[in-house]
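What's in data.csv: CSV, N, CA and C atoms
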chain,number,residue,atom,x,y,z
A,834,MET,N,21.8,-15.5,-15.0
A,834,MET,CA,22.3,-15.3,-13.7
A,834,MET,C,21.4,-15.7,-12.5
A,835,SER,N,20.1,-15.8,-12.9
A,835,SER,CA,19.1,-16.2,-11.8
A,835,SER,C,19.4,-17.5,-11.2
A,836,ASN,N,20.2,-18.4,-11.9
A,836,ASN,CA,20.4,-19.7,-11.3
A,836,ASN,C,21.3,-19.6,-10.1
A,837,GLU,N,22.0,-18.5,-9.9
A,837,GLU,CA,22.8,-18.3,-8.7
A,837,GLU,C,22.0,-17.9,-7.5
A,838,VAL,N,20.7,-17.6,-7.7
A,838,VAL,CA,19.9,-17.2,-6.6
A,838,VAL,C,19.4,-18.5,-5.8
A,839,HIS,N,19.3,-18.3,-4.5
A,839,HIS,CA,18.7,-19.5,-3.8
A,839,HIS,C,18.1,-19.0,-2.5
A,840,TRP,N,17.4,-19.9,-1.9
A,840,TRP,CA,16.7,-19.6,-0.6
A,840,TRP,C,17.5,-20.2,0.6
A,841,ARG,N,17.7,-19.4,1.6
A,841,ARG,CA,18.4,-19.8,2.8
A,841,ARG,C,17.4,-19.9,4.0
A,842,ASP,N,17.1,-21.1,4.4
A,842,ASP,CA,16.2,-21.3,5.5
A,842,ASP,C,16.7,-20.7,6.8
A,843,ASP,N,18.0,-20.8,7.0
A,843,ASP,CA,18.6,-20.3,8.3
A,843,ASP,C,18.4,-18.8,8.5
A,844,ILE,N,18.2,-18.0,7.5
A,844,ILE,CA,17.9,-16.6,7.6
A,844,ILE,C,16.6,-16.2,7.0
A,845,ALA,N,15.8,-17.2,6.6
A,845,ALA,CA,14.5,-16.9,5.9
A,845,ALA,C,14.6,-15.8,4.9
A,846,SER,N,15.6,-16.0,4.0
A,846,SER,CA,15.9,-15.0,3.0
A,846,SER,C,16.3,-15.6,1.6
A,847,LEU,N,16.0,-14.9,0.6
A,847,LEU,CA,16.5,-15.2,-0.7
A,847,LEU,C,17.8,-14.5,-0.8
A,848,VAL,N,18.8,-15.1,-1.4
A,848,VAL,CA,20.1,-14.5,-1.5
A,848,VAL,C,20.6,-14.6,-3.0
A,849,PHE,N,21.4,-13.6,-3.4
A,849,PHE,CA,22.0,-13.7,-4.7
A,849,PHE,C,23.3,-12.9,-4.7
A,850,PRO,N,24.2,-13.3,-5.5
A,850,PRO,CA,25.5,-12.6,-5.6
A,850,PRO,C,25.3,-11.2,-6.3
A,851,VAL,N,26.1,-10.3,-5.9
A,851,VAL,CA,26.1,-9.0,-6.5
A,851,VAL,C,27.3,-8.9,-7.4
A,852,THR,N,27.0,-9.0,-8.7
A,852,THR,CA,28.1,-9.0,-9.7
A,852,THR,C,29.0,-7.8,-9.6
A,853,GLY,N,30.3,-8.0,-9.5
A,853,GLY,CA,31.2,-6.9,-9.5
A,853,GLY,C,31.4,-6.4,-8.1
A,854,HIS,N,30.7,-6.9,-7.1
A,854,HIS,CA,30.8,-6.3,-5.7
A,854,HIS,C,31.5,-7.3,-4.8
A,855,GLY,N,31.4,-8.6,-5.2
A,855,GLY,CA,32.1,-9.6,-4.4
A,855,GLY,C,31.4,-10.0,-3.1
A,856,ALA,N,30.1,-9.8,-3.0
A,856,ALA,CA,29.3,-10.1,-1.8
A,856,ALA,C,27.9,-10.6,-2.2
A,857,ILE,N,27.2,-11.0,-1.2
A,857,ILE,CA,25.8,-11.4,-1.5
A,857,ILE,C,24.8,-10.3,-1.0
A,858,CYS,N,23.6,-10.4,-1.6
A,858,CYS,CA,22.5,-9.5,-1.2
A,858,CYS,C,21.4,-10.5,-0.8
A,859,ALA,N,20.8,-10.1,0.4
A,859,ALA,CA,19.7,-10.9,0.9
A,859,ALA,C,18.4,-10.1,0.9
A,860,VAL,N,17.3,-10.8,0.7
A,860,VAL,CA,16.0,-10.2,0.7
A,860,VAL,C,15.2,-11.1,1.6
A,861,HIS,N,14.8,-10.6,2.8
A,861,HIS,CA,14.1,-11.3,3.8
A,861,HIS,C,12.7,-11.6,3.4
A,862,ARG,N,12.2,-12.7,4.0
A,862,ARG,CA,10.8,-13.1,3.7
A,862,ARG,C,9.8,-12.0,4.0
A,863,GLY,N,10.1,-11.2,5.0
A,863,GLY,CA,9.2,-10.0,5.3
A,863,GLY,C,9.1,-9.0,4.2
A,864,ALA,N,10.2,-8.8,3.5
A,864,ALA,CA,10.1,-7.9,2.3
A,864,ALA,C,9.2,-8.5,1.2
A,865,PHE,N,9.3,-9.8,1.0
A,865,PHE,CA,8.5,-10.5,0.0
A,865,PHE,C,7.0,-10.4,0.5
A,866,ARG,N,6.8,-10.5,1.8
A,866,ARG,CA,5.4,-10.5,2.3
A,866,ARG,C,4.8,-9.1,1.8
A,867,THR,N,5.5,-8.1,1.9
A,867,THR,CA,5.0,-6.7,1.5
A,867,THR,C,4.9,-6.7,0.0
A,868,LEU,N,5.9,-7.2,-0.7
A,868,LEU,CA,5.8,-7.1,-2.2
A,868,LEU,C,4.7,-8.0,-2.8
A,869,LEU,N,4.5,-9.1,-2.2
A,869,LEU,CA,3.5,-10.1,-2.8
A,869,LEU,C,2.2,-9.9,-2.2
A,870,GLY,N,2.1,-9.2,-1.0
A,870,GLY,CA,0.8,-9.0,-0.4
A,870,GLY,C,0.2,-10.2,0.3
A,871,THR,N,1.0,-11.2,0.5
A,871,THR,CA,0.6,-12.5,1.1
A,871,THR,C,1.8,-13.1,1.8
A,872,GLU,N,1.5,-14.1,2.7
A,872,GLU,CA,2.6,-14.8,3.3
A,872,GLU,C,3.3,-15.7,2.3
A,873,PRO,N,4.6,-15.3,2.0
A,873,PRO,CA,5.3,-16.0,0.9
A,873,PRO,C,5.9,-17.3,1.2
A,874,THR,N,6.0,-18.2,0.3
A,874,THR,CA,6.7,-19.4,0.4
A,874,THR,C,8.1,-19.2,-0.3
A,875,PRO,N,9.1,-20.0,0.0
A,875,PRO,CA,10.4,-19.8,-0.7
A,875,PRO,C,10.2,-19.9,-2.2
A,876,ASP,N,9.4,-20.8,-2.7
A,876,ASP,CA,9.2,-20.9,-4.2
A,876,ASP,C,8.5,-19.6,-4.7
A,877,ALA,N,7.6,-19.0,-4.0
A,877,ALA,CA,7.0,-17.8,-4.5
A,877,ALA,C,8.0,-16.7,-4.5
A,878,CYS,N,8.9,-16.6,-3.5
A,878,CYS,CA,9.9,-15.6,-3.5
A,878,CYS,C,10.9,-15.8,-4.6
A,879,LEU,N,11.3,-17.0,-4.9
A,879,LEU,CA,12.2,-17.3,-6.0
A,879,LEU,C,11.5,-16.9,-7.4
A,880,GLY,N,10.2,-17.2,-7.5
A,880,GLY,CA,9.5,-16.9,-8.7
A,880,GLY,C,9.4,-15.4,-8.9
A,881,TYR,N,9.1,-14.7,-7.8
A,881,TYR,CA,9.0,-13.2,-7.9
A,881,TYR,C,10.4,-12.6,-8.3
A,882,PHE,N,11.4,-13.1,-7.7
A,882,PHE,CA,12.8,-12.6,-8.0
A,882,PHE,C,13.0,-12.8,-9.5
A,883,ARG,N,12.8,-14.0,-10.0
A,883,ARG,CA,13.1,-14.3,-11.4
A,883,ARG,C,12.3,-13.4,-12.3
A,884,ARG,N,11.0,-13.1,-11.9
A,884,ARG,CA,10.2,-12.2,-12.8
A,884,ARG,C,10.7,-10.8,-12.8
A,885,PHE,N,11.3,-10.3,-11.7
A,885,PHE,CA,11.7,-9.0,-11.6
A,885,PHE,C,13.2,-8.9,-11.3
A,886,GLU,N,14.0,-9.8,-11.8
A,886,GLU,CA,15.4,-9.9,-11.4
A,886,GLU,C,16.1,-8.6,-11.7
A,887,ALA,N,15.9,-8.0,-12.9
A,887,ALA,CA,16.6,-6.7,-13.2
A,887,ALA,C,16.3,-5.7,-12.1
A,888,ALA,N,15.1,-5.6,-11.6
A,888,ALA,CA,14.8,-4.6,-10.6
A,888,ALA,C,15.6,-4.9,-9.3
A,889,PHE,N,15.6,-6.2,-8.9
A,889,PHE,CA,16.4,-6.5,-7.7
A,889,PHE,C,17.8,-6.2,-7.8
A,890,ARG,N,18.4,-6.5,-9.0
A,890,ARG,CA,19.8,-6.2,-9.2
A,890,ARG,C,20.1,-4.7,-9.2
A,891,ALA,N,19.2,-4.0,-9.9
A,891,ALA,CA,19.3,-2.5,-9.9
A,891,ALA,C,19.2,-1.9,-8.5
A,892,ALA,N,18.3,-2.5,-7.7
A,892,ALA,CA,18.1,-2.0,-6.4
A,892,ALA,C,19.3,-2.2,-5.5
A,893,ALA,N,20.0,-3.4,-5.7
A,893,ALA,CA,21.2,-3.7,-5.0
A,893,ALA,C,22.3,-2.7,-5.4
A,894,GLY,N,22.5,-2.5,-6.7
A,894,GLY,CA,23.5,-1.5,-7.2
A,894,GLY,C,23.2,-0.1,-6.6
A,895,ALA,N,21.9,0.3,-6.6
A,895,ALA,CA,21.6,1.6,-6.1
A,895,ALA,C,21.9,1.8,-4.6
A,896,LYS,N,21.6,0.7,-3.9
A,896,LYS,CA,21.8,0.8,-2.4
A,896,LYS,C,23.3,0.8,-2.1
A,897,ILE,N,24.1,0.1,-2.9
A,897,ILE,CA,25.6,0.1,-2.7
A,897,ILE,C,26.1,1.5,-3.0
A,898,ALA,N,25.6,2.1,-4.0
A,898,ALA,CA,26.1,3.5,-4.4
A,898,ALA,C,25.6,4.5,-3.3
A,899,ARG,N,24.3,4.4,-2.9
A,899,ARG,CA,23.7,5.4,-2.0
A,899,ARG,C,24.3,5.3,-0.6
A,900,LYS,N,24.6,4.1,-0.2
A,900,LYS,CA,25.2,3.9,1.2
A,900,LYS,C,26.7,3.7,1.2
A,901,SER,N,27.3,3.8,0.0
A,901,SER,CA,28.8,3.7,-0.1
A,901,SER,C,29.2,2.4,0.6
A,902,ILE,N,28.6,1.3,0.2
A,902,ILE,CA,28.9,0.0,0.8
A,902,ILE,C,30.2,-0.6,0.1
A,903,LEU,N,31.1,-0.9,0.9
A,903,LEU,CA,32.4,-1.3,0.4
A,903,LEU,C,32.3,-2.6,-0.3
A,904,PRO,N,33.2,-2.8,-1.4
A,904,PRO,CA,33.2,-4.1,-2.0
A,904,PRO,C,33.5,-5.3,-1.0
A,905,GLY,N,32.8,-6.4,-1.3
A,905,GLY,CA,32.9,-7.5,-0.4
A,905,GLY,C,32.0,-7.5,0.8
A,906,THR,N,31.3,-6.4,1.0
A,906,THR,CA,30.4,-6.3,2.1
A,906,THR,C,29.0,-6.7,1.7
A,907,SER,N,28.4,-7.7,2.4
A,907,SER,CA,27.1,-8.1,2.0
A,907,SER,C,26.1,-7.1,2.5
A,908,LEU,N,24.9,-7.1,1.8
A,908,LEU,CA,23.9,-6.2,2.1
A,908,LEU,C,22.5,-6.9,2.0
A,909,HIS,N,21.5,-6.1,2.4
A,909,HIS,CA,20.1,-6.6,2.3
A,909,HIS,C,19.2,-5.6,1.7
A,910,LEU,N,18.2,-6.0,1.0
A,910,LEU,CA,17.2,-5.1,0.4
A,910,LEU,C,15.9,-5.2,1.2
A,911,THR,N,15.3,-4.0,1.3
A,911,THR,CA,14.0,-4.0,1.9
A,911,THR,C,13.0,-3.9,0.8
A,912,SER,N,11.7,-4.1,1.1
A,912,SER,CA,10.7,-4.0,0.1
A,912,SER,C,10.7,-2.6,-0.5
A,913,ARG,N,11.0,-1.6,0.2
A,913,ARG,CA,11.1,-0.2,-0.4
A,913,ARG,C,12.2,-0.1,-1.4
A,914,ASP,N,13.3,-0.7,-1.1
A,914,ASP,CA,14.4,-0.7,-2.1
A,914,ASP,C,13.9,-1.3,-3.5
A,915,VAL,N,13.3,-2.4,-3.4
A,915,VAL,CA,12.8,-3.1,-4.6
A,915,VAL,C,11.7,-2.3,-5.2
A,916,ALA,N,10.7,-1.9,-4.4
A,916,ALA,CA,9.5,-1.2,-5.0
A,916,ALA,C,9.9,0.1,-5.7
A,917,ARG,N,11.0,0.8,-5.2
A,917,ARG,CA,11.5,2.0,-5.8
A,917,ARG,C,11.9,1.7,-7.2
A,918,LYS,N,12.6,0.6,-7.4
A,918,LYS,CA,13.1,0.2,-8.8
A,918,LYS,C,12.0,-0.3,-9.7
A,919,LEU,N,11.0,-1.0,-9.1
A,919,LEU,CA,9.9,-1.4,-9.9
A,919,LEU,C,9.1,-0.2,-10.4
A,920,LEU,N,8.9,0.8,-9.5
A,920,LEU,CA,8.2,2.0,-9.9
A,920,LEU,C,8.9,2.7,-11.0
A,921,GLU,N,10.2,2.8,-10.8
A,921,GLU,CA,11.0,3.5,-11.9
A,921,GLU,C,10.9,2.8,-13.2
A,922,ASP,N,11.0,1.5,-13.2
A,922,ASP,CA,10.8,0.7,-14.4
A,922,ASP,C,9.4,0.9,-15.0
A,923,ALA,N,8.4,1.0,-14.2
A,923,ALA,CA,7.0,1.2,-14.7
A,923,ALA,C,6.9,2.6,-15.3
A,924,GLN,N,7.5,3.6,-14.7
A,924,GLN,CA,7.5,4.9,-15.2
A,924,GLN,C,8.2,5.1,-16.5
A,925,ILE,N,9.3,4.4,-16.6
A,925,ILE,CA,10.1,4.4,-17.9
A,925,ILE,C,9.3,3.7,-19.0
A,926,ALA,N,8.7,2.6,-18.7
A,926,ALA,CA,7.9,1.9,-19.7
A,926,ALA,C,6.7,2.7,-20.1
A,927,ASN,N,6.2,3.6,-19.3
A,927,ASN,CA,5.0,4.4,-19.6
A,927,ASN,C,5.5,5.7,-20.2
A,928,GLY,N,6.8,5.9,-20.4
A,928,GLY,CA,7.3,7.2,-21.0
A,928,GLY,C,7.3,8.4,-20.1
A,929,GLU,N,7.2,8.1,-18.8
A,929,GLU,CA,7.2,9.3,-17.8
A,929,GLU,C,8.6,9.7,-17.4
Spit out the file's structure as C-alpha cells when you get a sec.
Amino acid sequence: MSNEVHWRDDIASLVFPVTGHGAICAVHRGAFRTLLGTEPTPDACLGYFRRFEAAFRAAAGAKIARKSILPGTSLHLTSRDVARKLLEDAQIANGE
C-alpha cells in the first residue's frame, strides 16, 4: 500500500489514503522535522513513512476513532499522533 503515498509540494506534506475511510491523511513537513530531528526532505519523509507505515496507518485509525471523524473527511497527523503509536509498538515489542 505504500505505493499510494506521495509528497505534495503545495501543502508541504506527505499524503496517503486511509483504507476504508474514503479520505486522505496528511502529515506536514513540521511533524517529520520533530520525528526525524532534522530538517526533512520529501525523500526522507517518504522513507520514514515506509519504514514505519504500520504506525502511521494505526495513528490515522486511532485519530479517526478518537475524534469521531466522519467517513470521507480528510485528516492530518501530528508528530504526537505518530510518536504515540511508535511508542506503543516499542512497548509491545518489549513485552510491556
| Spatial neighbours of Pro873 (chain A), max dist 8 Å, all atoms listed in the file, sep filter under 6 positions, as a PyMOL selection string | chain A and resi 862-863+865-867
| task | Could you tell me, as an MDAnalysis selection string, which residues of chain A DSSP assigns to strand (DSSP E) when given the backbone? | result | chainID A and resid 839:841 846:851 856:861 908:910
Writing out the chosen residues with N, CA and C atoms as a PDB file, in the frame of the given file:
ATOM      1  N   HIS A 839      19.300 -18.300  -4.500  1.00  0.00           N
ATOM      2  CA  HIS A 839      18.700 -19.500  -3.800  1.00  0.00           C
ATOM      3  C   HIS A 839      18.100 -19.000  -2.500  1.00  0.00           C
ATOM      4  N   TRP A 840      17.400 -19.900  -1.900  1.00  0.00           N
ATOM      5  CA  TRP A 840      16.700 -19.600  -0.600  1.00  0.00           C
ATOM      6  C   TRP A 840      17.500 -20.200   0.600  1.00  0.00           C
ATOM      7  N   ARG A 841      17.700 -19.400   1.600  1.00  0.00           N
ATOM      8  CA  ARG A 841      18.400 -19.800   2.800  1.00  0.00           C
ATOM      9  C   ARG A 841      17.400 -19.900   4.000  1.00  0.00           C
ATOM     10  N   SER A 846      15.600 -16.000   4.000  1.00  0.00           N
ATOM     11  CA  SER A 846      15.900 -15.000   3.000  1.00  0.00           C
ATOM     12  C   SER A 846      16.300 -15.600   1.600  1.00  0.00           C
ATOM     13  N   LEU A 847      16.000 -14.900   0.600  1.00  0.00           N
ATOM     14  CA  LEU A 847      16.500 -15.200  -0.700  1.00  0.00           C
ATOM     15  C   LEU A 847      17.800 -14.500  -0.800  1.00  0.00           C
ATOM     16  N   VAL A 848      18.800 -15.100  -1.400  1.00  0.00           N
ATOM     17  CA  VAL A 848      20.100 -14.500  -1.500  1.00  0.00           C
ATOM     18  C   VAL A 848      20.600 -14.600  -3.000  1.00  0.00           C
ATOM     19  N   PHE A 849      21.400 -13.600  -3.400  1.00  0.00           N
ATOM     20  CA  PHE A 849      22.000 -13.700  -4.700  1.00  0.00           C
ATOM     21  C   PHE A 849      23.300 -12.900  -4.700  1.00  0.00           C
ATOM     22  N   PRO A 850      24.200 -13.300  -5.500  1.00  0.00           N
ATOM     23  CA  PRO A 850      25.500 -12.600  -5.600  1.00  0.00           C
ATOM     24  C   PRO A 850      25.300 -11.200  -6.300  1.00  0.00           C
ATOM     25  N   VAL A 851      26.100 -10.300  -5.900  1.00  0.00           N
ATOM     26  CA  VAL A 851      26.100  -9.000  -6.500  1.00  0.00           C
ATOM     27  C   VAL A 851      27.300  -8.900  -7.400  1.00  0.00           C
ATOM     28  N   ALA A 856      30.100  -9.800  -3.000  1.00  0.00           N
ATOM     29  CA  ALA A 856      29.300 -10.100  -1.800  1.00  0.00           C
ATOM     30  C   ALA A 856      27.900 -10.600  -2.200  1.00  0.00           C
ATOM     31  N   ILE A 857      27.200 -11.000  -1.200  1.00  0.00           N
ATOM     32  CA  ILE A 857      25.800 -11.400  -1.500  1.00  0.00           C
ATOM     33  C   ILE A 857      24.800 -10.300  -1.000  1.00  0.00           C
ATOM     34  N   CYS A 858      23.600 -10.400  -1.600  1.00  0.00           N
ATOM     35  CA  CYS A 858      22.500  -9.500  -1.200  1.00  0.00           C
ATOM     36  C   CYS A 858      21.400 -10.500  -0.800  1.00  0.00           C
ATOM     37  N   ALA A 859      20.800 -10.100   0.400  1.00  0.00           N
ATOM     38  CA  ALA A 859      19.700 -10.900   0.900  1.00  0.00           C
ATOM     39  C   ALA A 859      18.400 -10.100   0.900  1.00  0.00           C
ATOM     40  N   VAL A 860      17.300 -10.800   0.700  1.00  0.00           N
ATOM     41  CA  VAL A 860      16.000 -10.200   0.700  1.00  0.00           C
ATOM     42  C   VAL A 860      15.200 -11.100   1.600  1.00  0.00           C
ATOM     43  N   HIS A 861      14.800 -10.600   2.800  1.00  0.00           N
ATOM     44  CA  HIS A 861      14.100 -11.300   3.800  1.00  0.00           C
ATOM     45  C   HIS A 861      12.700 -11.600   3.400  1.00  0.00           C
ATOM     46  N   LEU A 908      24.900  -7.100   1.800  1.00  0.00           N
ATOM     47  CA  LEU A 908      23.900  -6.200   2.100  1.00  0.00           C
ATOM     48  C   LEU A 908      22.500  -6.900   2.000  1.00  0.00           C
ATOM     49  N   HIS A 909      21.500  -6.100   2.400  1.00  0.00           N
ATOM     50  CA  HIS A 909      20.100  -6.600   2.300  1.00  0.00           C
ATOM     51  C   HIS A 909      19.200  -5.600   1.700  1.00  0.00           C
ATOM     52  N   LEU A 910      18.200  -6.000   1.000  1.00  0.00           N
ATOM     53  CA  LEU A 910      17.200  -5.100   0.400  1.00  0.00           C
ATOM     54  C   LEU A 910      15.900  -5.200   1.200  1.00  0.00           C
TER      55      LEU A 910
END
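Atom N of Ile897 (chain A) is positioned 23.5 Å from atom N of Asp842 (chain A).
Between Arg883 (chain A) and the residues A:Asp843, A:Val838, A:Lys918, A:Ser901, the shortest atom-to-atom distance, using only C-alpha atoms, involves A:Val838.
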| request: May I have all residues of region 836-926 of chain A that DSSP, computed from the backbone, assigns to helix (DSSP H, G or I), given as number ranges by chain? | output: A: 836-837, 842-844, 862-869, 875-884, 886-900, 912-926
Convert the current residue selection to file output with N, CA and C atoms, as a short mmCIF file (atom, residue, chain, number, x, y, z; two decimals), in the coordinates of the input.
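What landed in again_23.cif:
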data_model
loop_
_atom_site.label_atom_id
_atom_site.label_comp_id
_atom_site.auth_asym_id
_atom_site.auth_seq_id
_atom_site.Cartn_x
_atom_site.Cartn_y
_atom_site.Cartn_z
N ASN A 836 20.20 -18.40 -11.90
CA ASN A 836 20.40 -19.70 -11.30
C ASN A 836 21.30 -19.60 -10.10
N GLU A 837 22.00 -18.50 -9.90
CA GLU A 837 22.80 -18.30 -8.70
C GLU A 837 22.00 -17.90 -7.50
N ASP A 842 17.10 -21.10 4.40
CA ASP A 842 16.20 -21.30 5.50
C ASP A 842 16.70 -20.70 6.80
N ASP A 843 18.00 -20.80 7.00
CA ASP A 843 18.60 -20.30 8.30
C ASP A 843 18.40 -18.80 8.50
N ILE A 844 18.20 -18.00 7.50
CA ILE A 844 17.90 -16.60 7.60
C ILE A 844 16.60 -16.20 7.00
N ARG A 862 12.20 -12.70 4.00
CA ARG A 862 10.80 -13.10 3.70
C ARG A 862 9.80 -12.00 4.00
N GLY A 863 10.10 -11.20 5.00
CA GLY A 863 9.20 -10.00 5.30
C GLY A 863 9.10 -9.00 4.20
N ALA A 864 10.20 -8.80 3.50
CA ALA A 864 10.10 -7.90 2.30
C ALA A 864 9.20 -8.50 1.20
N PHE A 865 9.30 -9.80 1.00
CA PHE A 865 8.50 -10.50 0.00
C PHE A 865 7.00 -10.40 0.50
N ARG A 866 6.80 -10.50 1.80
CA ARG A 866 5.40 -10.50 2.30
C ARG A 866 4.80 -9.10 1.80
N THR A 867 5.50 -8.10 1.90
CA THR A 867 5.00 -6.70 1.50
C THR A 867 4.90 -6.70 0.00
N LEU A 868 5.90 -7.20 -0.70
CA LEU A 868 5.80 -7.10 -2.20
C LEU A 868 4.70 -8.00 -2.80
N LEU A 869 4.50 -9.10 -2.20
CA LEU A 869 3.50 -10.10 -2.80
C LEU A 869 2.20 -9.90 -2.20
N PRO A 875 9.10 -20.00 0.00
CA PRO A 875 10.40 -19.80 -0.70
C PRO A 875 10.20 -19.90 -2.20
N ASP A 876 9.40 -20.80 -2.70
CA ASP A 876 9.20 -20.90 -4.20
C ASP A 876 8.50 -19.60 -4.70
N ALA A 877 7.60 -19.00 -4.00
CA ALA A 877 7.00 -17.80 -4.50
C ALA A 877 8.00 -16.70 -4.50
N CYS A 878 8.90 -16.60 -3.50
CA CYS A 878 9.90 -15.60 -3.50
C CYS A 878 10.90 -15.80 -4.60
N LEU A 879 11.30 -17.00 -4.90
CA LEU A 879 12.20 -17.30 -6.00
C LEU A 879 11.50 -16.90 -7.40
N GLY A 880 10.20 -17.20 -7.50
CA GLY A 880 9.50 -16.90 -8.70
C GLY A 880 9.40 -15.40 -8.90
N TYR A 881 9.10 -14.70 -7.80
CA TYR A 881 9.00 -13.20 -7.90
C TYR A 881 10.40 -12.60 -8.30
N PHE A 882 11.40 -13.10 -7.70
CA PHE A 882 12.80 -12.60 -8.00
C PHE A 882 13.00 -12.80 -9.50
N ARG A 883 12.80 -14.00 -10.00
CA ARG A 883 13.10 -14.30 -11.40
C ARG A 883 12.30 -13.40 -12.30
N ARG A 884 11.00 -13.10 -11.90
CA ARG A 884 10.20 -12.20 -12.80
C ARG A 884 10.70 -10.80 -12.80
N GLU A 886 14.00 -9.80 -11.80
CA GLU A 886 15.40 -9.90 -11.40
C GLU A 886 16.10 -8.60 -11.70
N ALA A 887 15.90 -8.00 -12.90
CA ALA A 887 16.60 -6.70 -13.20
C ALA A 887 16.30 -5.70 -12.10
N ALA A 888 15.10 -5.60 -11.60
CA ALA A 888 14.80 -4.60 -10.60
C ALA A 888 15.60 -4.90 -9.30
N PHE A 889 15.60 -6.20 -8.90
CA PHE A 889 16.40 -6.50 -7.70
C PHE A 889 17.80 -6.20 -7.80
N ARG A 890 18.40 -6.50 -9.00
CA ARG A 890 19.80 -6.20 -9.20
C ARG A 890 20.10 -4.70 -9.20
N ALA A 891 19.20 -4.00 -9.90
CA ALA A 891 19.30 -2.50 -9.90
C ALA A 891 19.20 -1.90 -8.50
N ALA A 892 18.30 -2.50 -7.70
CA ALA A 892 18.10 -2.00 -6.40
C ALA A 892 19.30 -2.20 -5.50
N ALA A 893 20.00 -3.40 -5.70
CA ALA A 893 21.20 -3.70 -5.00
C ALA A 893 22.30 -2.70 -5.40
N GLY A 894 22.50 -2.50 -6.70
CA GLY A 894 23.50 -1.50 -7.20
C GLY A 894 23.20 -0.10 -6.60
N ALA A 895 21.90 0.30 -6.60
CA ALA A 895 21.60 1.60 -6.10
C ALA A 895 21.90 1.80 -4.60
N LYS A 896 21.60 0.70 -3.90
CA LYS A 896 21.80 0.80 -2.40
C LYS A 896 23.30 0.80 -2.10
N ILE A 897 24.10 0.10 -2.90
CA ILE A 897 25.60 0.10 -2.70
C ILE A 897 26.10 1.50 -3.00
N ALA A 898 25.60 2.10 -4.00
CA ALA A 898 26.10 3.50 -4.40
C ALA A 898 25.60 4.50 -3.30
N ARG A 899 24.30 4.40 -2.90
CA ARG A 899 23.70 5.40 -2.00
C ARG A 899 24.30 5.30 -0.60
N LYS A 900 24.60 4.10 -0.20
CA LYS A 900 25.20 3.90 1.20
C LYS A 900 26.70 3.70 1.20
N SER A 912 11.70 -4.10 1.10
CA SER A 912 10.70 -4.00 0.10
C SER A 912 10.70 -2.60 -0.50
N ARG A 913 11.00 -1.60 0.20
CA ARG A 913 11.10 -0.20 -0.40
C ARG A 913 12.20 -0.10 -1.40
N ASP A 914 13.30 -0.70 -1.10
CA ASP A 914 14.40 -0.70 -2.10
C ASP A 914 13.90 -1.30 -3.50
N VAL A 915 13.30 -2.40 -3.40
CA VAL A 915 12.80 -3.10 -4.60
C VAL A 915 11.70 -2.30 -5.20
N ALA A 916 10.70 -1.90 -4.40
CA ALA A 916 9.50 -1.20 -5.00
C ALA A 916 9.90 0.10 -5.70
N ARG A 917 11.00 0.80 -5.20
CA ARG A 917 11.50 2.00 -5.80
C ARG A 917 11.90 1.70 -7.20
N LYS A 918 12.60 0.60 -7.40
CA LYS A 918 13.10 0.20 -8.80
C LYS A 918 12.00 -0.30 -9.70
N LEU A 919 11.00 -1.00 -9.10
CA LEU A 919 9.90 -1.40 -9.90
C LEU A 919 9.10 -0.20 -10.40
N LEU A 920 8.90 0.80 -9.50
CA LEU A 920 8.20 2.00 -9.90
C LEU A 920 8.90 2.70 -11.00
N GLU A 921 10.20 2.80 -10.80
CA GLU A 921 11.00 3.50 -11.90
C GLU A 921 10.90 2.80 -13.20
N ASP A 922 11.00 1.50 -13.20
CA ASP A 922 10.80 0.70 -14.40
C ASP A 922 9.40 0.90 -15.00
N ALA A 923 8.40 1.00 -14.20
CA ALA A 923 7.00 1.20 -14.70
C ALA A 923 6.90 2.60 -15.30
N GLN A 924 7.50 3.60 -14.70
CA GLN A 924 7.50 4.90 -15.20
C GLN A 924 8.20 5.10 -16.50
N ILE A 925 9.30 4.40 -16.60
CA ILE A 925 10.10 4.40 -17.90
C ILE A 925 9.30 3.70 -19.00
N ALA A 926 8.70 2.60 -18.70
CA ALA A 926 7.90 1.90 -19.70
C ALA A 926 6.70 2.70 -20.10
#
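In this structure, CA of Leu847 (chain A) sits 10.7 Å away from CA of Thr874 (chain A).
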| task | Determine, counting only N, CA and C atoms, which protein, DNA and RNA residues have an atom within 8 Å of an atom of Ala893 (chain A); residues of the same chain fewer than 2 positions away are not included. Present the result as a PyMOL selection string. | result | chain A and resi 851+858+887-891+895-899+908-910+914-915
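We find CA of Trp840 (chain A) and CA of His861 (chain A) to be spaced 9.7 Å apart.
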